[in-house]
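Accompanying notes for the structure given below.
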Amino acid sequence: MNILVFDIETIPDIEGGKKVLGLSGVTDSEAFLSMSRRRRQETNGASDFIRHHLQKVVAISVAMRVNQEFRVWSLGEEESSESELIQRFFEGIDKYTPVLVSWNGNGFDLPVIHYRAMINSVVARAYWDDGIDKKEFRYDNYLSRFHKRHLDLMDSIAGYQSRAYASLDQIATLMGFPGKLGISGADVWSKYLDGDISGIRNYCETDVLNTWLVYLRFEYMRGRIDAVALDREIKMTKSFLENSEKSHYRQFLNAWGVT
């Protein structure tokens, strides 16, 4: 079984915001303030978080477990367009037909990807198949909340009860995994403005690692893997990190207490 753990990072779609709000002759900063203000009005001041369709994807990171291999990387290059990032994500699904694993993928990542795929004219035939092309997808596809081709860990562990949702950072930390390493999703916009796409991709990759480790514990809890298999997967993950020269992987290992 092929496993693909994924996470996305986004920024406000300023150009899109200008279009839908009818803004002209304004700076990007002014447009961002208008978008945030409109969102606060929509939520009666509860949130200024920009809605899904006005989130622009700037990074998609994945952890892939296929055959005897485990690796983590960010799709495309730092200069890749949003369209290319999303197309590569769906091409991976076409090629490997993996089980997708996420943390809040149903609530955020996938709806954003859906909207942005349409905006960018991206094709995702296998992902949207509900049994037309692949008969086995009729009762087990990526689209149904209760099917198994996409496992949203946050949703499943909480028993599909929103009041029981928890953050990946806190759950990972409680399990002895590194959790967030000094930055959070709230820092992505400022990093983007500073031109730090590399930092955004690195942060996204550590979120994927945390999600992967929580997934392993979840699989152990529900009896899909035993203690021997869990230990093997942990060792494979550590080996990948130890053999990488990337500093954020070394930082992740150190935070995990592994030398």
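The chains in the structure tokens are called A, B, ... from first to last as shown; in each chain the residues are counted from 1, and the ligands are counted from 1 in the order shown.
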Would you mind listing what lies within 12 Å of stretch 132-135 of chain A as a PyMOL selection string, with only C-alpha atoms counted and same-chain residues fewer than 6 positions away left out? chain A and resi 94+97+125-126+141
Within 10 Å of A:Leu153 using only C-alpha atoms, minus same-chain residues under 2 positions, as an MDAnalysis selection string: chainID A and resid 101:106 150:151 155:160 165 168 211 214:215 218
Taking the DSSP assignment computed from this structure's backbone, write out as a list in words all residues of stretch 22-61 of chain A that belong to strand (DSSP E or B).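 Result set for stretch 22-61 of chain A (strand (DSSP E or B)): Gln55, Lys56, Val57, Val58, Ala59, Ile60 and Ser61 of chain A.
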Residue contacts of A:Asp7 (8 Å, only C-alpha atoms) excluding same-chain residues fewer than 4 positions away, as a list of chain:residue names: A:Ile60, A:Ser61, A:Val62, A:Ser102, A:Trp103, A:Gly105, A:Asp109, A:Cys204, A:Glu205, A:Asp207, A:Val208
Closest contacts (stretch 67-102 of chain A/stretch 176-200 of chain A, max 12 Å, only C-alpha atoms) as JSON lines:
{"residue": "A:Trp73", "atom": "CA", "partner": "A:Ser198", "partner_atom": "CA", "distance": 11.8}
{"residue": "A:Ser74", "atom": "CA", "partner": "A:Ser198", "partner_atom": "CA", "distance": 9.8}
{"residue": "A:Gly76", "atom": "CA", "partner": "A:Ser198", "partner_atom": "CA", "distance": 11.8}
{"residue": "A:Glu77", "atom": "CA", "partner": "A:Ser198", "partner_atom": "CA", "distance": 9.3}
{"residue": "A:Glu78", "atom": "CA", "partner": "A:Ile197", "partner_atom": "CA", "distance": 6.1}
{"residue": "A:Glu79", "atom": "CA", "partner": "A:Ile197", "partner_atom": "CA", "distance": 8.4}
{"residue": "A:Ser80", "atom": "CA", "partner": "A:Ile197", "partner_atom": "CA", "distance": 10.4}
The selected residues should be written to file as a short mmCIF file (atom, residue, chain, number, x, y, z; two decimals), in the first residue's frame (atoms: N, CA and C atoms).
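selection.cif written:
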data_model
loop_
_atom_site.label_atom_id
_atom_site.label_comp_id
_atom_site.auth_asym_id
_atom_site.auth_seq_id
_atom_site.Cartn_x
_atom_site.Cartn_y
_atom_site.Cartn_z
N TRP A 73 9.68 15.50 0.74
CA TRP A 73 10.15 16.59 -0.12
C TRP A 73 9.00 17.55 -0.41
N SER A 74 9.34 18.68 -0.99
CA SER A 74 8.35 19.65 -1.42
C SER A 74 8.23 19.58 -2.94
N GLY A 76 7.78 20.43 -6.83
CA GLY A 76 8.26 21.51 -7.67
C GLY A 76 9.53 22.15 -7.14
N GLU A 77 9.74 23.39 -7.57
CA GLU A 77 10.88 24.18 -7.15
C GLU A 77 10.38 25.45 -6.46
N GLU A 78 11.30 26.19 -5.86
CA GLU A 78 10.89 27.42 -5.17
C GLU A 78 10.19 28.39 -6.11
N GLU A 79 10.58 28.39 -7.37
CA GLU A 79 9.99 29.32 -8.33
C GLU A 79 8.77 28.76 -9.05
N SER A 80 8.35 27.53 -8.71
CA SER A 80 7.22 26.91 -9.40
C SER A 80 5.93 27.69 -9.17
#
